[in-house]
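Read the structure below first, then the notes.
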Amino acid sequence: MTHSASRSRTSHSPARNGAPANGVDHARIEAAVREILLAVGENPEREGLQETPARVARMYAELFSGLHNEPRQLLSKTFTQKYDEMVLVRDIEFASMCEHHLLPFMGKAHIAYLPAGRIVGLSKLPRVVEALAHRPQVQERMTEELADLLMEELNPRGVGVILEATHTCMAIRGVRKPGGICTTSAMRGVFRENQATRNELMALIYGPR
Ligand code: ZN
């Protein structure tokens with residue numbers, strides 16, 4: 001497994017590998033899915049499979065739409081607001097595709113930040129999560145991308161991001177440990193430096209309601 005160090009962490013070039021710059025190459029996916037069906041010993045012409053390549057192409061276009069959706073743009077409009085307490089959006093549901101197996105992993109994101117004079121519309125945060133989730137992903141990287149993006153675009157005093165997800169690639173193959181929840185966190189600024197701030201975040205997310 002190799003990772004290109006020069007690749008941008010938050011934005012992938014949409015035009016790579018000949019895919020149309022503004023979207024997904026449906027015909028190419030259909031041909032590839034047909035090939036996979038043939039390779040595993042199936043007959044792509046049988047009735048139940050005839051529409052499958054086109055269906056998978058439409059599904060991938062949706063699940064990988066984030067490659068053509070720059071999350072930074074979603075955060076470009078901020079508001080001046082004298083509010084310096086914690087902002088937390090909890091339980092943002094997401095579904096993503098693990099880039100190692102192209103199988104879904106899904107769960108919840110909790111995003112907190114401590115503003116420094118600028119806030120962002122709350123509805124933007126779930127959309128940023130979706131833009132990052134809808135591309136081949138790794139939960140650890142997605143967590144850090146979310147935190148870094150918010151730090152860069154909002155210039156807050158700190159950001160705390162926690163993702164909890166179940167990975168179908170763990171549940172249905174290999175070690176077959178269904179039900180395991182993977183938790184990742186990325187703390188920036190005061191959330192990293194200040195234990196009390198971090199404790200307040202954990203209490204808000206996991207404490208009694
Ligand atoms: Zn996987």
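FYI, nothing fancy with the structure tokens labels: chains A, B, ... in order, residues from 1 per chain, ligands from 1 as they appear.
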
If you run DSSP over the backbone, which residues in stretch 5-208 of chain A end up helix (DSSP H, G or I)? Put them as a PyMOL selection string.
chain A and resi 16-18+26-39+47-49+52-63+65-68+71-74+124-133+139-154+168-171+190-193+195-206

Please extract the residues at most 7 Å from ligand 1, counting only C-alpha atoms and all ligand atoms, and provide them as JSON, numbers by chain, using the chain letters and residue numbers of this document.
{"A": [98, 99, 100, 101, 102, 103, 167, 169, 170]}

All strand (DSSP E) positions in chain A, as a PyMOL selection string:
chain A and resi 78-80+87-98+103-114+118-120+136-137+158-167+182-189

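Among the candidates A:Leu132, A:Leu67, A:Leu49, A:Leu150, the one nearest to A:Ala95 when counting only C-alpha atoms is A:Leu132.
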
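Across A:Glu47, A:Tyr60, A:Leu38, A:Asp84, the tightest approach to A:Asp25 is made by A:Tyr60 when counting only C-alpha atoms.
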
Surrounding residues of A:Arg55 excluding itself and chain neighbours under 2 positions, 12 Å, only C-alpha atoms, as a list in words
His26, Ala27, Ile29, Glu30, Val33, Arg34, Gly48, Leu49, Gln50, Glu51, Thr52, Pro53, Ala57, Arg58, Met59, Tyr60, Ala61 and Glu62 of chain A

Check the smallest atom-to-atom distance from each of A:Cys182, A:Val87, A:Val56, A:Ala109 to A:Glu200 using only C-alpha atoms, then report the winner.
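Of A:Cys182, A:Val87, A:Val56, A:Ala109, the one nearest A:Glu200, counting only C-alpha atoms, is A:Val87.
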
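Relative to atom CA of A:Thr197, atom CA of A:Thr78 is found at 23.4 Å.
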
Interatomic distance (Å, one decimal) between atom CA of A:Leu149 and atom CA of A:Leu75
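So the two atoms, atom CA of A:Leu149 and atom CA of A:Leu75, lie 8.6 Å apart.
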
In terms of the shortest atom-to-atom distance over only C-alpha atoms, which of A:Ala131, A:Ala116, A:Leu125, A:Leu163 is closest to A:Gly189?
A:Ala116

Option closest in space to A:Ala186, from A:Lys77, A:His134, A:Lys82, A:His110 [counting only C-alpha atoms]
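The closest residue to A:Ala186 is A:His110.
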
Using only C-alpha atoms, the shortest atom-to-atom distance to A:Val89 among A:Gly160, A:Pro71, A:Asn199, A:Arg192 belongs to A:Gly160

Work out how far atom CA of A:Leu154 is from atom CA of A:Ala133, in Å to one decimal.
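Between atom CA of A:Ala133 and atom CA of A:Leu154 the gap works out to 20.3 Å.
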
Name all residues at most 12 Å from A:Ile92 (count only C-alpha atoms; drop same-chain ones fewer than 5 positions away) and give them as a list in words.
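Neighbouring residues, sequence-local ones excluded: Met106, Gly107, Lys108, Ala109, His110, Ile111, Ala112, Leu122, Ser123, Lys124, Leu125, Pro126, Arg127, Val128, Val129, Glu130, Ala133, Val161, Ile162, Leu163, Glu164, Ala165 and Ile205 of chain A.
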